[in-house]
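Have a look at my_file_3.txt below; it lists compact mmCIF, C-alpha atoms and all ligand atoms.
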```
# COMPACT_ATOMS: atom_id res chain seq x y z
CA MET J 192 142.81 119.31 127.14
CA ALA J 193 139.64 119.13 125.11
CA ASP J 194 136.46 118.91 127.07
CA PRO J 195 133.24 117.54 125.55
CA ALA J 196 131.47 120.26 127.51
CA ASN J 197 133.06 122.78 125.13
CA ARG J 198 131.69 121.22 121.97
CA TYR J 199 129.82 123.61 119.75
CA PRO J 200 126.04 123.30 120.02
CA GLU J 201 125.68 122.95 116.23
CA ASN J 202 127.31 119.49 116.36
CA VAL J 203 124.84 116.70 115.92
CA PRO J 204 124.97 114.17 118.77
CA GLY J 205 127.59 111.43 118.43
CA LYS J 206 131.23 110.61 118.91
CA PHE J 207 132.61 113.11 116.40
CA TYR J 208 132.42 116.75 117.32
CA VAL J 209 134.23 120.07 117.11
CA ASP J 210 134.88 122.09 120.22
CA ASP J 211 135.82 125.71 120.84
CA GLN J 212 139.50 125.09 120.06
CA CYS J 213 138.81 124.88 116.31
CA ILE J 214 141.23 127.10 114.36
CA ASP J 215 139.17 126.97 111.15
CA CYS J 216 141.96 125.32 109.16
CA ASP J 217 139.48 123.64 106.78
CA LEU J 218 141.06 120.18 106.87
CA CYS J 219 138.00 118.38 108.17
CA ARG J 220 135.73 120.01 105.60
CA GLU J 221 138.10 119.01 102.81
CA THR J 222 138.62 115.49 104.12
CA ALA J 223 135.07 114.67 105.18
CA PRO J 224 132.71 117.08 103.39
CA ALA J 225 129.76 114.77 104.03
CA ASN J 226 130.19 115.26 107.77
CA PHE J 227 131.71 118.68 108.47
CA LYS J 228 130.49 122.15 107.58
CA ARG J 229 131.62 125.65 108.42
CA ASN J 230 129.73 128.04 110.65
CA ASP J 231 130.45 131.22 108.69
CA ASP J 232 129.30 133.53 111.45
CA GLY J 233 131.38 131.80 114.09
CA GLY J 234 134.38 130.97 111.89
CA HIS J 235 134.64 127.33 112.89
CA SER J 236 133.62 123.86 111.76
CA TYR J 237 130.98 121.61 113.21
CA VAL J 238 129.73 118.09 112.60
CA TYR J 239 126.43 118.23 110.79
CA LYS J 240 126.18 114.48 110.19
CA GLN J 241 127.85 111.64 112.09
CA ALA J 242 129.74 109.03 110.08
CA GLU J 243 127.27 106.45 108.77
CA ASN J 244 129.52 104.07 106.85
CA PRO J 245 133.14 102.86 106.83
CA ASP J 246 134.23 105.46 104.29
CA GLU J 247 132.84 108.35 106.31
CA GLU J 248 134.26 106.84 109.49
CA ALA J 249 137.72 106.68 107.91
CA ARG J 250 137.44 110.22 106.63
CA CYS J 251 136.38 111.53 110.02
CA ASN J 252 139.33 109.78 111.59
CA ASP J 253 141.56 111.01 108.75
CA GLY J 254 143.94 108.22 107.82
CA ARG J 255 146.79 110.68 107.33
CA LEU J 256 146.91 111.30 111.05
CA PRO J 257 146.71 108.88 113.95
CA GLY J 258 143.84 109.19 116.37
CA ARG J 259 140.45 107.62 116.88
CA SER J 260 138.40 110.77 117.15
CA HIS J 261 138.25 114.07 115.41
CA ARG J 262 138.78 115.73 118.75
CA GLN J 263 142.21 114.11 119.03
CA ARG J 264 143.15 115.13 115.51
CA ARG J 265 141.97 118.66 116.07
CA LEU J 266 144.18 118.94 119.13
CA ARG J 267 147.17 117.81 117.11
CA PHE J 268 146.50 120.47 114.47
CA SER J 269 145.94 123.14 117.07
CA SER J 270 149.29 122.28 118.63
CA VAL J 271 151.06 122.67 115.29
CA ALA J 272 149.31 125.94 114.57
CA ASN J 273 150.09 127.29 118.02
CA ALA J 274 153.75 126.36 117.61
CA LEU J 275 153.88 128.18 114.26
CA LEU J 276 152.18 131.23 115.71
CA LYS J 277 154.82 131.39 118.45
CA THR J 278 157.72 131.03 116.01
CA ASP J 279 159.68 134.18 115.19
CA PHE J 280 160.25 134.12 111.45
CA SER J 281 162.05 137.46 111.34
CA PHE J 282 165.55 137.55 109.88
CA ARG J 283 168.48 139.70 110.84
CA LEU J 284 170.60 141.24 108.09
S1 LIG J 301 140.29 120.19 111.19
FE1 LIG J 301 139.88 120.81 113.31
S2 LIG J 301 140.80 122.84 113.50
FE2 LIG J 301 140.59 122.41 111.30
S3 LIG J 301 138.60 123.32 110.74
FE3 LIG J 301 138.25 121.16 111.25
S4 LIG J 301 137.68 121.20 113.43
FE4 LIG J 301 138.64 123.14 112.98
```
File written out as structure tokens:
Amino acid sequence: MADPANRYPENVPGKFYVDDQCIDCDLCRETAPANFKRNDDGGHSYVYKQAENPDEEARCNDGRLPGRSHRQRRLRFSSVANALLKTDFSFRL
């Protein structure tokens, strides 16, 4: 379960944030480039500007996925990624 105490310190204060479970998938930076950036040294995203208008709010919530906060969406993506990482894609001949 995500814990606000684990949010990265680069996040600006506010309701949207990225915590230490970020898998660096790039979705947030593609969807809301006005709000998310990548920490190249750390290999993760962070919120550098909170949503300031309805468009940015919608992008931060990402209409393609349910959820009212980026934290919830990030958890969903992490779950998918973790499931894929645990999947054995090897084939037997
Ligand atoms: S969408 Fe979530 S997991 Fe992907 S880069 Fe952004 S914060 Fe990280």
Legend entry - Counting only C-alpha atoms, the option among J:Asp232, J:Glu248, J:Asp217, J:Asp210 closest to Asn197 (chain J): J:Asp210
Inset, instruction - Tell me which protein, DNA and RNA residues are within 9 Å of Asn202 (chain J), counting all atoms listed in the file, leaving out same-chain ones fewer than 2 positions away, and put them as a list in words. - result: Arg198, Tyr199, Pro200, Pro204, Gly205, Phe207, Tyr208, Val209, Asp210, Ser236, Tyr237, Val238, Tyr239, Lys240 and Gln241 of chain J
Inset, instruction - One decimal, Å: what's the distance from CA of Thr222 (chain J) over to CA of His235 (chain J), could you say? - result: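 Between CA of Thr222 (chain J) and CA of His235 (chain J) the gap works out to 15.3 Å.
Using only C-alpha atoms and all ligand atoms, the nearest neighbour of ligand LIG 301 (chain J) within the list J:Val203, J:Ala196, J:Ala249, J:Cys213 is J:Cys213.
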Legend entry - Best match for closeness to ligand LIG 301 (chain J) among J:Asn230, J:Pro195, J:Leu218, J:Lys206, counting all atoms listed in the file: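 Nearest to ligand LIG 301 (chain J): J:Leu218.
For the residues J:Glu201, J:Cys216, J:Asp246, J:Asp211, ranking by smallest atom-to-atom distance to ligand LIG 301 (chain J) using all atoms listed in the file places J:Cys216 first.
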Legend entry - Selected residue, from J:Phe227, J:Ala242, J:Gly234, J:Asp253, that lies nearest to Asp215 (chain J) when counting all atoms listed in the file: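 Among J:Phe227, J:Ala242, J:Gly234, J:Asp253, it is J:Gly234 that comes nearest to Asp215 (chain J).
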Go ahead and fit an axis-aligned box to every listed atom of ligand LIG 301 (chain J) plus 8 Å each side, and pass me the centre and edge lengths in Å, one decimal, as AutoDock Vina command-line options.
```
--center_x 139.2 --center_y 121.8 --center_z 112.1 --size_x 19.1 --size_y 19.1 --size_z 18.8
```
Inset, instruction - Measure the distance from CA of Ile214 (chain J) to atom FE4 of ligand LIG 301 (chain J) in Å and round it to one decimal. - result: 4.9 Å
Legend entry - Residue with smallest distance to ligand LIG 301 (chain J) - pool J:Glu243, J:Lys228, J:Asn252, J:Cys219, counting all atoms listed in the file: J:Cys219
Inset, instruction - Could you please determine the separation between CA of Asn244 (chain J) and atom FE4 of ligand LIG 301 (chain J) in Å, to one decimal place? - result: 22.0 Å
Repair of region 229-242 of chain J at the level of N, CA and C atoms, as a compact mmCIF listing (two decimals), in the frame of the given file:
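What follows is the written file selection-v3.txt:
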```txt
# COMPACT_ATOMS: atom_id res chain seq x y z
N ARG J 229 131.08 124.46 107.75
CA ARG J 229 131.62 125.65 108.42
C ARG J 229 130.48 126.52 108.92
N ASN J 230 130.62 127.00 110.13
CA ASN J 230 129.73 128.04 110.65
C ASN J 230 130.38 129.36 110.25
N ASP J 231 129.83 129.99 109.22
CA ASP J 231 130.45 131.22 108.69
C ASP J 231 130.41 132.36 109.69
N ASP J 232 129.38 132.45 110.46
CA ASP J 232 129.30 133.53 111.45
C ASP J 232 130.32 133.33 112.57
N GLY J 233 130.47 132.08 112.99
CA GLY J 233 131.38 131.80 114.09
C GLY J 233 132.82 131.55 113.66
N GLY J 234 133.02 131.23 112.36
CA GLY J 234 134.38 130.97 111.89
C GLY J 234 134.96 129.68 112.43
N HIS J 235 134.16 128.63 112.42
CA HIS J 235 134.64 127.33 112.89
C HIS J 235 133.83 126.23 112.21
N SER J 236 134.33 125.02 112.32
CA SER J 236 133.62 123.86 111.76
C SER J 236 132.69 123.26 112.81
N TYR J 237 131.82 122.41 112.33
CA TYR J 237 130.98 121.61 113.21
C TYR J 237 130.56 120.35 112.47
N VAL J 238 130.18 119.35 113.20
CA VAL J 238 129.73 118.09 112.60
C VAL J 238 128.23 118.18 112.36
N TYR J 239 127.86 118.14 111.09
CA TYR J 239 126.43 118.23 110.79
C TYR J 239 125.81 116.87 110.51
N LYS J 240 126.67 115.85 110.34
CA LYS J 240 126.18 114.48 110.19
C LYS J 240 127.26 113.53 110.71
N GLN J 241 126.90 112.64 111.60
CA GLN J 241 127.85 111.64 112.09
C GLN J 241 128.18 110.65 110.97
N ALA J 242 129.35 110.04 111.05
CA ALA J 242 129.74 109.03 110.08
C ALA J 242 128.75 107.88 110.09
```
